[in-house]
Amino acid sequence: MNDNKELIVRWQDGELLTEAEIQHLEQTLGEELHQLPTPENLSSLQSQLREAYPADADIPNADLFQRSLMEQLAPREVTPPSNVIPISSSPKYFWWAIGSSMAACFMLGIILTNLMTPRATTPVAQAPAYPVYQPVIYSANKNLSADYQPASQQHIIVVEGLEAIPDEVDLFKLAESQNTQNEY
Amino acid sequence: MNIKLLSILLLLTLHLGANTLDPGKEVVGKLSGTIIYASETANQAANNLPEEQHLDTSGWEQKWGFKHYRRIGNDTQAIYRSYENWLKPIKGSDQIMLSYSVVKPTDDGYEIDLSFWQEQRKVFRTTSLILEEKKPLIILGPKWRDGQLLFAIELKD
């Protein structure tokens, strides 16, 4: 079949075929060969098209066609990945690397100096002997304070700024009356 | 009628059961609170602090000018395992009160949260104070007449 196609194209292009090739086409295609457009028909169609379409007419969208063609034909530029920047080509990074190295050396020097300096022989301030239970104030009175004062035998909390109990309130009587009620 | 009686009995049973089953209500100790009137003058105060008060008043005269002490009232209440309780040494007055709850037991006592109240207003709170037997907490409270009221809190057997 492929042989037939090749022979038909060559025949329609006007190439001269050998007698054996023509016989082969006539035998395989038979009547179909005569129904195909002959080389004469195709050449007359070509001339008719040339006459119908002026040769100096602009090709529609020629610029676009040319640009896309040139883009496809132009060799592609190989660009390195954006995240890989050679230090040698960027002086900014080179100086940054130098600066950070110097800073690292400086910090290392400080650490080594601290490590090699003999410790002070005076003892570190010791934690208080007694725990500190600092009270939390629950009052808007700014003059109110409650301070914990540790002692060995007792805990003491000194509250200052409390409202004084009026003198006329007899706490002794209040306590005694309650005790009396309890006795009864 | 029978249904009402049964319902009441059921509720009572549930209430009693809940109380007996609540481990938080277990009494783990007793806390005593005493209000003491401390003053420089002896017009209303006398040195009548009992021995069991365990107050070390040495140096207090120089520090705060207290020369005479007189006990006004005392209250001893249970320490519950998980519940807050109150000390109100002057029963007829809300001038000074203390609320407390146990944080956890220690070797010789309890770690306790305490809140000091004056006239039903909370004044301050101290947390996780370790109270031990014979090591009381003394709060120097409000001034009254010529002296000052002290609130002494200590564990009891």
# chains A, B, ... in the order shown; residues from 1 in each chain; ligands from 1

$ closest_atom_pairs --of "chain B" --to "chain A" --cutoff "9 Å" --atoms "only C-alpha atoms" --output "JSON lines"
{"residue": "B:His54", "atom": "CA", "partner": "A:Gln154", "partner_atom": "CA", "distance": 8.7}
{"residue": "B:Leu55", "atom": "CA", "partner": "A:Gln154", "partner_atom": "CA", "distance": 7.6}
{"residue": "B:Asp56", "atom": "CA", "partner": "A:Gln153", "partner_atom": "CA", "distance": 7.1}
{"residue": "B:Arg71", "atom": "CA", "partner": "A:Phe172", "partner_atom": "CA", "distance": 8.9}
{"residue": "B:Ile72", "atom": "CA", "partner": "A:Phe172", "partner_atom": "CA", "distance": 5.7}
{"residue": "B:Gly73", "atom": "CA", "partner": "A:Ala175", "partner_atom": "CA", "distance": 5.6}
{"residue": "B:Asn74", "atom": "CA", "partner": "A:Ala175", "partner_atom": "CA", "distance": 8.6}
{"residue": "B:Pro89", "atom": "CA", "partner": "A:Ala175", "partner_atom": "CA", "distance": 7.8}
{"residue": "B:Ile90", "atom": "CA", "partner": "A:Ala175", "partner_atom": "CA", "distance": 5.1}
{"residue": "B:Lys91", "atom": "CA", "partner": "A:Gln178", "partner_atom": "CA", "distance": 6.0}
{"residue": "B:Gly92", "atom": "CA", "partner": "A:Leu174", "partner_atom": "CA", "distance": 5.3}
{"residue": "B:Ser93", "atom": "CA", "partner": "A:Leu174", "partner_atom": "CA", "distance": 6.9}
{"residue": "B:Gln95", "atom": "CA", "partner": "A:Ile165", "partner_atom": "CA", "distance": 7.6}
{"residue": "B:Gln118", "atom": "CA", "partner": "A:Leu162", "partner_atom": "CA", "distance": 8.6}
{"residue": "B:Arg121", "atom": "CA", "partner": "A:Ser139", "partner_atom": "CA", "distance": 8.4}
{"residue": "B:Lys122", "atom": "CA", "partner": "A:Tyr138", "partner_atom": "CA", "distance": 6.0}
{"residue": "B:Val123", "atom": "CA", "partner": "A:Tyr138", "partner_atom": "CA", "distance": 5.1}
{"residue": "B:Phe124", "atom": "CA", "partner": "A:Ile137", "partner_atom": "CA", "distance": 4.2}
{"residue": "B:Arg125", "atom": "CA", "partner": "A:Val136", "partner_atom": "CA", "distance": 5.2}
{"residue": "B:Thr126", "atom": "CA", "partner": "A:Pro135", "partner_atom": "CA", "distance": 4.4}
{"residue": "B:Thr127", "atom": "CA", "partner": "A:Tyr133", "partner_atom": "CA", "distance": 6.9}
{"residue": "B:Ser128", "atom": "CA", "partner": "A:Tyr133", "partner_atom": "CA", "distance": 7.6}
{"residue": "B:Leu129", "atom": "CA", "partner": "A:Tyr133", "partner_atom": "CA", "distance": 6.3}
{"residue": "B:Leu131", "atom": "CA", "partner": "A:His155", "partner_atom": "CA", "distance": 8.5}
{"residue": "B:Lys134", "atom": "CA", "partner": "A:Gln153", "partner_atom": "CA", "distance": 7.8}
{"residue": "B:Lys135", "atom": "CA", "partner": "A:Gln154", "partner_atom": "CA", "distance": 4.8}
{"residue": "B:Pro136", "atom": "CA", "partner": "A:Gln154", "partner_atom": "CA", "distance": 5.1}
{"residue": "B:Leu137", "atom": "CA", "partner": "A:His155", "partner_atom": "CA", "distance": 4.4}
{"residue": "B:Ile138", "atom": "CA", "partner": "A:Ile156", "partner_atom": "CA", "distance": 4.8}
{"residue": "B:Ile139", "atom": "CA", "partner": "A:Ile157", "partner_atom": "CA", "distance": 4.8}
{"residue": "B:Leu140", "atom": "CA", "partner": "A:Val158", "partner_atom": "CA", "distance": 4.8}
{"residue": "B:Gly141", "atom": "CA", "partner": "A:Val159", "partner_atom": "CA", "distance": 5.7}
{"residue": "B:Pro142", "atom": "CA", "partner": "A:Ala164", "partner_atom": "CA", "distance": 5.2}
{"residue": "B:Lys143", "atom": "CA", "partner": "A:Ala164", "partner_atom": "CA", "distance": 4.7}
{"residue": "B:Trp144", "atom": "CA", "partner": "A:Ile165", "partner_atom": "CA", "distance": 5.2}
{"residue": "B:Arg145", "atom": "CA", "partner": "A:Asp167", "partner_atom": "CA", "distance": 5.2}
{"residue": "B:Asp146", "atom": "CA", "partner": "A:Asp167", "partner_atom": "CA", "distance": 8.9}
{"residue": "B:Gln148", "atom": "CA", "partner": "A:Ala164", "partner_atom": "CA", "distance": 8.8}

$ atom_distance --atom1 "atom CA of Leu36 of chain A" --atom2 "atom CA of Ile8 of chain A"
8.9 Å

$ select_by_dssp --residues "chain B" --states "alpha helix (DSSP H)" --output "NGL selection string"
:B and (2-21 or 60-64)

$ atom_distance --atom1 "atom CA of Leu16 of chain A" --atom2 "atom CA of Ser47 of chain A"
21.0 Å

$ atom_distance --atom1 "atom CA of Leu150 of chain B" --atom2 "atom CA of Tyr37 of chain B"
6.3 Å

$ closest_residue --among "B:Asp75, B:Leu11, B:Ser82, B:Glu133" --to "Asp107 of chain B" --atoms "only C-alpha atoms"
B:Glu133
